[in-house]
Amino acid sequence: MTSLDHGALRAPGVSPVEREEPRSGGPARLADPRLLRQFAFIAGRWRAAPTGAALAVEDPATGEILGHVPDLGARETREAINAAEEAFAGWASLLPQERARFLRAWHDLIAENRADLATLMVLEQGKPYAEALGEIDYAASFVEWYAEEARRLVGEMPASHLPNRVMQVRREPVGVVAAITPWNFPCAMITRKAAAALAAGCPVVVRPASETPFSALALAELASRAGLPAGTFSVVTGRAEPIARELAENPKVRALSFTGSTEIGARLIAAAAPTIKRMSMELGGHAPFILFGDVDLDEAVEAALAAKFQTSGQDCLAANRIFVHEDICEPFLARFAARVKALKVGSGFEEGVEIGPLMHAHAVDKCAEHVKDALARGARLLAGGERHRRGPLFFTPTLLADCDEQMAIFAEETFGPVAAVTSFACESEVLARANASEYGLAAYLYSRDHDRIARMSRALAYGMVAVNCVTMTGAPIPFGGIKRSGLGREGGPHGIEEFTELKYVCAAFKAA
Ligand code: NAP
């Protein structure tokens, strides 16, 4: 397989990532070892835990301990929030083009250090090196895009409904922003939030996933080198609960932006409710992938492979339910099975690897349980189906046919390399089945019939619909879902608006 081509993996204009040479080895192999920081970054200073408490960070491919980060708590989180609040007035009062210069410098440093950042990501996250490089480019693209967008925040001057008044509607930065991010995209989920907030004039406190703090800390190192003022970008490491609780409950935090599971998102909304802050929630997905009978079969197989197995299946956009028209289902399955069986499993540093380790033992268990449950309820196993001999966190790429809504795999996110296929007879049937989900992040649709595309793309209850393509994400578009997939949008002009408040100014003047 040449590449798992997915929107998140390629910034526009970037050459195919699979041509890049992977750098093998541990942290010692970084061209710039100072990018591996084992401290938190708060108020412009590198900080250890006062007690010396630390959390180990492991390589999921080998179980080897890569290093440690401070296990900080509510007190240090408050310090970061206070520093952000102190930085707010100065940062917000800069001219947009001045904020843009900092962001541009940060972008350029991320781009210059993309190989090291990708190496760090493979070490702590496990994804194939080519995918990691793609994520760095994707992450950098948000910083670049929002550097440009900073100066395009505009207000409105409505026609006055009162005599002798000038009415302005201004967009002002909301204040201190907290960002809580997951491990599956350890850089891009940070820059997609932070670049937009910084461009709007808001300082940011990031709490990265405890599995992947080194990517976040490397971004902090580069932000510091780019000259971002103290307090504008802090990274607080430590166990999730005390830090996230402080970020949610502290009234000085005026916007909370979270990417992760629906369950934790709902808890954060509840914890933050008394402080009435702005919420952006990028939560779980359960994407349907719909293939009608008029598609090119080879193209469809490659698309399904990319949409399902990106990030080893640990992706909120992963095609979790693959619906194939009954006229082409068996030939599709035969070709898809051959491609799934050929996927190369291993460490993200090995040449040609397409499926890396999963992040947790419970993720591997969930894959095994979903397979077992589906087989017990009548599914057919066409590839894989078991743990992989490579190590405890590896699962063999798997294909199940004849799946249905009684199976757990059709009801929940699998978050692993297990593809579930079902057949359908007609448009109304597949539409009803695709929409029968509490999630509404993304849907994929393949057909050559323009009328059907128009009908289906309108009727699919999802925040994003990809038609005859898999690659759809990028800095300019509003990424986000509906229903239990979240609130708000990230990316594009809408992404910066999440970090602004509207202020209405009504000024009277004396008539001549
Ligand atoms: P998760 O368990 O919800 O974790 C996300 C973040 O929340 C991590 O930083 C995690 O820290 C933290 N967290 C865990 N327990 C917490 C608690 N009790 N209070 C506050 N914070 C807590 O999700 P995940 O397993 O990392 O990520 C997978 C989920 O994210 C999937 O559902 C996926 O669909 C979704 N996702 C959505 C998008 C999107 O844009 N819509 C993008 C990527 C992923 P620790 O890691 O330290 O536990």
# chains A, B, ... in the order shown; residues from 1 in each chain; ligands from 1
>>> select_by_dssp(residues="segment 120-364 of chain A", states="alpha helix (DSSP H)", output="PyMOL selection string")
chain A and resi 120-125+129-149+188-200+213-225+240-249+262-272+297-309+329-341+361-364
>>> residues_around(residues="Ser428 of chain A", least_positions_apart="2", cutoff="12 Å", atoms="only C-alpha atoms", output="number ranges by chain")
A: 424-426, 430-435, 452, 455-456, 459-460
>>> write_last_selection(atoms="N, CA, C and O atoms", output="compact mmCIF listing (two decimals), in the first residue's frame")
# COMPACT_ATOMS: atom_id res chain seq x y z
N PHE A 424 -26.58 -3.08 1.60
CA PHE A 424 -27.90 -2.43 1.63
C PHE A 424 -28.53 -2.54 0.25
O PHE A 424 -27.83 -2.75 -0.75
N ALA A 425 -29.87 -2.32 0.22
CA ALA A 425 -30.59 -2.52 -1.04
C ALA A 425 -30.94 -1.20 -1.73
O ALA A 425 -30.97 -1.14 -2.96
N CYS A 426 -31.24 -0.15 -0.95
CA CYS A 426 -31.71 1.09 -1.61
C CYS A 426 -31.34 2.31 -0.78
O CYS A 426 -30.94 2.21 0.38
N VAL A 430 -30.34 2.86 3.34
CA VAL A 430 -29.00 3.20 3.82
C VAL A 430 -29.00 4.54 4.54
O VAL A 430 -28.28 4.74 5.52
N LEU A 431 -29.84 5.45 4.08
CA LEU A 431 -29.91 6.75 4.75
C LEU A 431 -30.42 6.59 6.18
O LEU A 431 -29.85 7.14 7.14
N ALA A 432 -31.47 5.82 6.34
CA ALA A 432 -32.03 5.61 7.68
C ALA A 432 -31.00 4.93 8.58
O ALA A 432 -30.81 5.32 9.74
N ARG A 433 -30.29 3.93 8.04
CA ARG A 433 -29.32 3.21 8.87
C ARG A 433 -28.11 4.10 9.19
O ARG A 433 -27.58 4.08 10.31
N ALA A 434 -27.66 4.88 8.23
CA ALA A 434 -26.50 5.75 8.47
C ALA A 434 -26.81 6.80 9.53
O ALA A 434 -25.97 7.14 10.35
N ASN A 435 -28.05 7.30 9.50
CA ASN A 435 -28.42 8.36 10.45
C ASN A 435 -28.83 7.82 11.81
O ASN A 435 -29.01 8.60 12.76
N ARG A 452 -28.63 11.84 -6.64
CA ARG A 452 -28.52 11.10 -5.37
C ARG A 452 -27.54 11.81 -4.42
O ARG A 452 -27.77 11.90 -3.22
N ARG A 455 -29.28 14.75 -2.86
CA ARG A 455 -30.26 14.33 -1.85
C ARG A 455 -29.58 13.83 -0.59
O ARG A 455 -29.91 14.22 0.53
N MET A 456 -28.60 12.96 -0.79
CA MET A 456 -27.98 12.30 0.35
C MET A 456 -27.14 13.28 1.18
O MET A 456 -27.14 13.23 2.40
N ALA A 459 -29.37 15.11 3.37
CA ALA A 459 -30.12 14.34 4.37
C ALA A 459 -29.22 13.68 5.42
O ALA A 459 -29.70 13.31 6.49
N LEU A 460 -27.94 13.51 5.13
CA LEU A 460 -27.07 12.86 6.12
C LEU A 460 -26.90 13.78 7.33
O LEU A 460 -26.49 14.94 7.17
>>> atom_distance(atom1="atom CA of Arg47 of chain A", atom2="atom CA of Ala197 of chain A")
23.7 Å
>>> residues_around(residues="Ala419 of chain A", least_positions_apart="3", cutoff="7 Å", atoms="only C-alpha atoms", output="list in words")
Lys308, Asn320, Thr398, Leu399 and Leu400 of chain A
>>> residues_near_ligand(ligand="ligand 1", cutoff="8 Å", atoms="only C-alpha atoms and all ligand atoms", output="ChimeraX atom specification")
/A:180-185,189,207-212,238-245,258-265,267-268,281-286,314-317,413,415,441,479-481,485-486
>>> residues_around(residues="Ala178 of chain A", least_positions_apart="6", cutoff="9 Å", atoms="only C-alpha atoms", output="list in words")
Ile81, Ala194, Pro203, Val204, Val205, Val206, Arg207, Ala244, Leu247, Ala248, Val253, Arg254, Ala255, Leu256, Ser257 and Phe258 of chain A
>>> atom_distance(atom1="atom CA of Gly491 of chain A", atom2="atom CA of Pro478 of chain A")
5.1 Å
>>> residues_around(residues="Val122 of chain A", least_positions_apart="4", cutoff="9 Å", atoms="only C-alpha atoms", output="mmCIF file with N, CA, C and O atoms, in the first residue's frame")
data_model
loop_
_atom_site.group_PDB
_atom_site.id
_atom_site.type_symbol
_atom_site.label_atom_id
_atom_site.label_comp_id
_atom_site.auth_asym_id
_atom_site.auth_seq_id
_atom_site.Cartn_x
_atom_site.Cartn_y
_atom_site.Cartn_z
ATOM 1 N N ASP A 59 6.798 4.242 25.049
ATOM 2 C CA ASP A 59 6.672 3.944 23.623
ATOM 3 C C ASP A 59 5.678 2.785 23.485
ATOM 4 O O ASP A 59 5.961 1.677 23.967
ATOM 5 N N LEU A 117 9.918 16.581 15.215
ATOM 6 C CA LEU A 117 8.571 16.525 15.806
ATOM 7 C C LEU A 117 7.881 15.214 15.427
ATOM 8 O O LEU A 117 7.194 14.592 16.250
ATOM 9 N N ALA A 118 8.089 14.773 14.186
ATOM 10 C CA ALA A 118 7.494 13.499 13.759
ATOM 11 C C ALA A 118 8.132 12.331 14.509
ATOM 12 O O ALA A 118 7.450 11.387 14.910
ATOM 13 N N GLY A 126 3.118 6.194 18.393
ATOM 14 C CA GLY A 126 3.201 4.911 17.695
ATOM 15 C C GLY A 126 2.793 4.935 16.242
ATOM 16 O O GLY A 126 2.970 3.949 15.534
ATOM 17 N N LYS A 127 2.237 6.045 15.740
ATOM 18 C CA LYS A 127 1.746 6.019 14.354
ATOM 19 C C LYS A 127 2.922 5.930 13.384
ATOM 20 O O LYS A 127 4.061 6.320 13.729
ATOM 21 N N PRO A 128 2.689 5.408 12.172
ATOM 22 C CA PRO A 128 3.766 5.327 11.186
ATOM 23 C C PRO A 128 4.397 6.701 10.937
ATOM 24 O O PRO A 128 3.708 7.731 10.931
ATOM 25 N N TYR A 129 5.713 6.688 10.700
ATOM 26 C CA TYR A 129 6.457 7.932 10.563
ATOM 27 C C TYR A 129 5.870 8.838 9.471
ATOM 28 O O TYR A 129 5.768 10.055 9.638
ATOM 29 N N GLU A 131 2.800 9.064 8.503
ATOM 30 C CA GLU A 131 1.586 9.698 9.025
ATOM 31 C C GLU A 131 1.941 10.798 10.021
ATOM 32 O O GLU A 131 1.288 11.837 10.079
ATOM 33 N N ALA A 132 2.986 10.562 10.813
ATOM 34 C CA ALA A 132 3.393 11.569 11.792
ATOM 35 C C ALA A 132 3.876 12.840 11.077
ATOM 36 O O ALA A 132 3.529 13.960 11.476
ATOM 37 N N SER A 347 6.403 -1.300 14.088
ATOM 38 C CA SER A 347 6.775 -0.022 14.703
ATOM 39 C C SER A 347 6.672 1.075 13.657
ATOM 40 O O SER A 347 6.985 0.862 12.474
ATOM 41 N N GLY A 348 6.258 2.250 14.077
ATOM 42 C CA GLY A 348 6.113 3.373 13.162
ATOM 43 C C GLY A 348 7.401 3.766 12.477
ATOM 44 O O GLY A 348 7.378 4.513 11.493
ATOM 45 N N PHE A 349 8.528 3.309 12.974
ATOM 46 C CA PHE A 349 9.806 3.657 12.353
ATOM 47 C C PHE A 349 10.198 2.701 11.228
ATOM 48 O O PHE A 349 11.122 2.976 10.484
#
>>> closest_residue(among="A:Ala216, A:Ala363, A:Ala54, A:Ala130", to="Gln310 of chain A", atoms="only C-alpha atoms")
A:Ala130
>>> closest_atom_pairs(of="segment 400-467 of chain A", to="segment 299-305 of chain A", cutoff="10 Å", atoms="only C-alpha atoms", output="tab-separated table")
residue	atom	partner	partner_atom	distance
A:Ala419	CA	A:Leu305	CA	8.8
A:Tyr444	CA	A:Ala304	CA	9.3
A:Tyr446	CA	A:Ala300	CA	7.6
A:Ser447	CA	A:Ala300	CA	9.8
>>> closest_residue(among="A:Ala40, A:Ala307, A:Ile322, A:Ala508", to="Thr422 of chain A", atoms="only C-alpha atoms")
A:Ile322
>>> atom_distance(atom1="atom CA of Leu297 of chain A", atom2="atom CA of Asn468 of chain A")
12.1 Å
>>> residues_around(residues="Pro96 of chain A", least_positions_apart="6", cutoff="10 Å", atoms="only C-alpha atoms", output="list in words")
Ala147, Glu148, Glu149, Ala150, Arg151, Arg152, Leu153, Ala199, Ala200 and Gly201 of chain A
>>> write_last_selection(atoms="N, CA, C and O atoms", output="CSV table (one decimal), in the first residue's frame")
chain,number,residue,atom,x,y,z
A,147,ALA,N,-2.2,32.8,11.3
A,147,ALA,CA,-1.3,34.0,11.3
A,147,ALA,C,-1.9,35.0,10.2
A,147,ALA,O,-1.9,36.2,10.4
A,148,GLU,N,-2.4,34.4,9.1
A,148,GLU,CA,-3.0,35.2,8.1
A,148,GLU,C,-4.4,35.7,8.5
A,148,GLU,O,-4.7,36.9,8.1
A,149,GLU,N,-5.1,34.9,9.2
A,149,GLU,CA,-6.5,35.3,9.5
A,149,GLU,C,-6.6,36.3,10.6
A,149,GLU,O,-7.6,37.0,10.7
A,150,ALA,N,-5.5,36.5,11.4
A,150,ALA,CA,-5.6,37.4,12.6
A,150,ALA,C,-6.0,38.8,12.1
A,150,ALA,O,-6.9,39.4,12.8
A,151,ARG,N,-5.6,39.2,11.0
A,151,ARG,CA,-5.9,40.6,10.6
A,151,ARG,C,-7.3,40.6,9.8
A,151,ARG,O,-7.7,41.7,9.3
A,152,ARG,N,-7.9,39.5,9.7
A,152,ARG,CA,-9.2,39.5,9.0
A,152,ARG,C,-10.4,39.4,9.9
A,152,ARG,O,-11.5,39.2,9.4
A,153,LEU,N,-10.2,39.6,11.2
A,153,LEU,CA,-11.4,39.6,12.1
A,153,LEU,C,-12.1,40.9,11.9
A,153,LEU,O,-11.5,42.0,12.2
A,199,ALA,N,-4.5,34.0,17.6
A,199,ALA,CA,-4.7,35.0,16.6
A,199,ALA,C,-5.8,35.9,17.0
A,199,ALA,O,-5.8,37.1,16.7
A,200,ALA,N,-6.8,35.4,17.7
A,200,ALA,CA,-7.9,36.2,18.2
A,200,ALA,C,-7.5,37.2,19.3
A,200,ALA,O,-8.2,38.1,19.6
A,201,GLY,N,-6.4,36.9,20.0
A,201,GLY,CA,-5.9,37.7,21.1
A,201,GLY,C,-6.0,37.1,22.4
A,201,GLY,O,-5.9,37.8,23.5
>>> closest_residue(among="A:Ala105, A:Ala306, A:Val324, A:Ile110", to="Glu429 of chain A", atoms="only C-alpha atoms")
A:Val324
>>> decode(residues="segment 264-341 of chain A", atoms="C-alpha atoms", output="PDB file, in the first residue's frame")
ATOM      1  CA  ILE A 264     -15.373  13.153  29.163  1.00  0.00           C
ATOM      2  CA  GLY A 265     -16.703  16.080  27.109  1.00  0.00           C
ATOM      3  CA  ALA A 266     -20.065  15.793  28.849  1.00  0.00           C
ATOM      4  CA  ARG A 267     -18.352  15.728  32.234  1.00  0.00           C
ATOM      5  CA  LEU A 268     -16.382  18.863  31.398  1.00  0.00           C
ATOM      6  CA  ILE A 269     -19.523  20.682  30.252  1.00  0.00           C
ATOM      7  CA  ALA A 270     -21.137  19.857  33.595  1.00  0.00           C
ATOM      8  CA  ALA A 271     -18.069  20.930  35.582  1.00  0.00           C
ATOM      9  CA  ALA A 272     -17.770  24.218  33.696  1.00  0.00           C
ATOM     10  CA  ALA A 273     -21.482  25.061  33.743  1.00  0.00           C
ATOM     11  CA  PRO A 274     -21.470  27.282  36.863  1.00  0.00           C
ATOM     12  CA  THR A 275     -18.855  29.584  35.301  1.00  0.00           C
ATOM     13  CA  ILE A 276     -20.859  30.044  32.050  1.00  0.00           C
ATOM     14  CA  LYS A 277     -17.840  29.877  29.781  1.00  0.00           C
ATOM     15  CA  ARG A 278     -17.577  29.368  26.056  1.00  0.00           C
ATOM     16  CA  MET A 279     -17.375  25.659  25.126  1.00  0.00           C
ATOM     17  CA  SER A 280     -15.992  23.988  22.030  1.00  0.00           C
ATOM     18  CA  MET A 281     -16.305  20.221  22.041  1.00  0.00           C
ATOM     19  CA  GLU A 282     -14.793  17.956  19.382  1.00  0.00           C
ATOM     20  CA  LEU A 283     -16.035  14.551  20.505  1.00  0.00           C
ATOM     21  CA  GLY A 284     -16.503  11.014  19.290  1.00  0.00           C
ATOM     22  CA  GLY A 285     -17.521   9.907  15.813  1.00  0.00           C
ATOM     23  CA  HIS A 286     -19.090   6.823  14.233  1.00  0.00           C
ATOM     24  CA  ALA A 287     -18.742   7.612  10.558  1.00  0.00           C
ATOM     25  CA  PRO A 288     -20.822   5.779   7.954  1.00  0.00           C
ATOM     26  CA  PHE A 289     -19.029   5.056   4.675  1.00  0.00           C
ATOM     27  CA  ILE A 290     -21.577   4.512   1.893  1.00  0.00           C
ATOM     28  CA  LEU A 291     -20.783   2.937  -1.479  1.00  0.00           C
ATOM     29  CA  PHE A 292     -23.425   2.805  -4.186  1.00  0.00           C
ATOM     30  CA  GLY A 293     -23.281   0.296  -7.027  1.00  0.00           C
ATOM     31  CA  ASP A 294     -22.135   2.806  -9.670  1.00  0.00           C
ATOM     32  CA  VAL A 295     -18.665   3.464  -8.225  1.00  0.00           C
ATOM     33  CA  ASP A 296     -15.268   2.367  -9.503  1.00  0.00           C
ATOM     34  CA  LEU A 297     -14.520  -0.665  -7.336  1.00  0.00           C
ATOM     35  CA  ASP A 298     -10.753  -0.242  -7.113  1.00  0.00           C
ATOM     36  CA  GLU A 299     -11.102   3.404  -6.182  1.00  0.00           C
ATOM     37  CA  ALA A 300     -13.726   2.490  -3.588  1.00  0.00           C
ATOM     38  CA  VAL A 301     -11.488  -0.149  -2.016  1.00  0.00           C
ATOM     39  CA  GLU A 302      -8.576   2.297  -1.664  1.00  0.00           C
ATOM     40  CA  ALA A 303     -10.902   4.929  -0.223  1.00  0.00           C
ATOM     41  CA  ALA A 304     -12.363   2.531   2.341  1.00  0.00           C
ATOM     42  CA  LEU A 305      -8.889   1.381   3.310  1.00  0.00           C
ATOM     43  CA  ALA A 306      -7.730   4.962   3.909  1.00  0.00           C
ATOM     44  CA  ALA A 307     -10.912   6.020   5.699  1.00  0.00           C
ATOM     45  CA  LYS A 308     -10.831   3.032   8.049  1.00  0.00           C
ATOM     46  CA  PHE A 309      -7.171   2.348   8.799  1.00  0.00           C
ATOM     47  CA  GLN A 310      -5.727   5.862   9.186  1.00  0.00           C
ATOM     48  CA  THR A 311      -3.984   6.228  12.567  1.00  0.00           C
ATOM     49  CA  SER A 312      -4.421   2.456  12.916  1.00  0.00           C
ATOM     50  CA  GLY A 313      -8.164   3.055  13.173  1.00  0.00           C
ATOM     51  CA  GLN A 314      -7.766   5.385  16.174  1.00  0.00           C
ATOM     52  CA  ASP A 315      -9.374   8.328  14.456  1.00  0.00           C
ATOM     53  CA  CYS A 316     -12.597  10.211  15.136  1.00  0.00           C
ATOM     54  CA  LEU A 317     -13.148  10.279  11.348  1.00  0.00           C
ATOM     55  CA  ALA A 318     -12.628   6.526  10.945  1.00  0.00           C
ATOM     56  CA  ALA A 319     -15.163   4.757   8.713  1.00  0.00           C
ATOM     57  CA  ASN A 320     -16.746   2.645  11.430  1.00  0.00           C
ATOM     58  CA  ARG A 321     -19.742   1.377   9.463  1.00  0.00           C
ATOM     59  CA  ILE A 322     -19.121   0.527   5.821  1.00  0.00           C
ATOM     60  CA  PHE A 323     -22.362   0.228   3.804  1.00  0.00           C
ATOM     61  CA  VAL A 324     -21.955  -1.368   0.364  1.00  0.00           C
ATOM     62  CA  HIS A 325     -24.725  -1.722  -2.196  1.00  0.00           C
ATOM     63  CA  GLU A 326     -25.726  -5.374  -2.550  1.00  0.00           C
ATOM     64  CA  ASP A 327     -24.904  -5.414  -6.295  1.00  0.00           C
ATOM     65  CA  ILE A 328     -21.197  -4.852  -5.623  1.00  0.00           C
ATOM     66  CA  CYS A 329     -20.805  -6.114  -2.063  1.00  0.00           C
ATOM     67  CA  GLU A 330     -19.157  -9.490  -2.718  1.00  0.00           C
ATOM     68  CA  PRO A 331     -16.625  -8.242  -5.314  1.00  0.00           C
ATOM     69  CA  PHE A 332     -15.871  -5.289  -3.033  1.00  0.00           C
ATOM     70  CA  LEU A 333     -15.274  -7.621  -0.077  1.00  0.00           C
ATOM     71  CA  ALA A 334     -12.951  -9.880  -2.074  1.00  0.00           C
ATOM     72  CA  ARG A 335     -10.720  -6.963  -3.097  1.00  0.00           C
ATOM     73  CA  PHE A 336     -10.949  -5.205   0.272  1.00  0.00           C
ATOM     74  CA  ALA A 337      -9.982  -8.396   2.129  1.00  0.00           C
ATOM     75  CA  ALA A 338      -6.874  -8.793  -0.013  1.00  0.00           C
ATOM     76  CA  ARG A 339      -5.822  -5.204   0.745  1.00  0.00           C
ATOM     77  CA  VAL A 340      -6.528  -5.510   4.490  1.00  0.00           C
ATOM     78  CA  LYS A 341      -4.487  -8.734   4.722  1.00  0.00           C
TER      79      LYS A 341
END
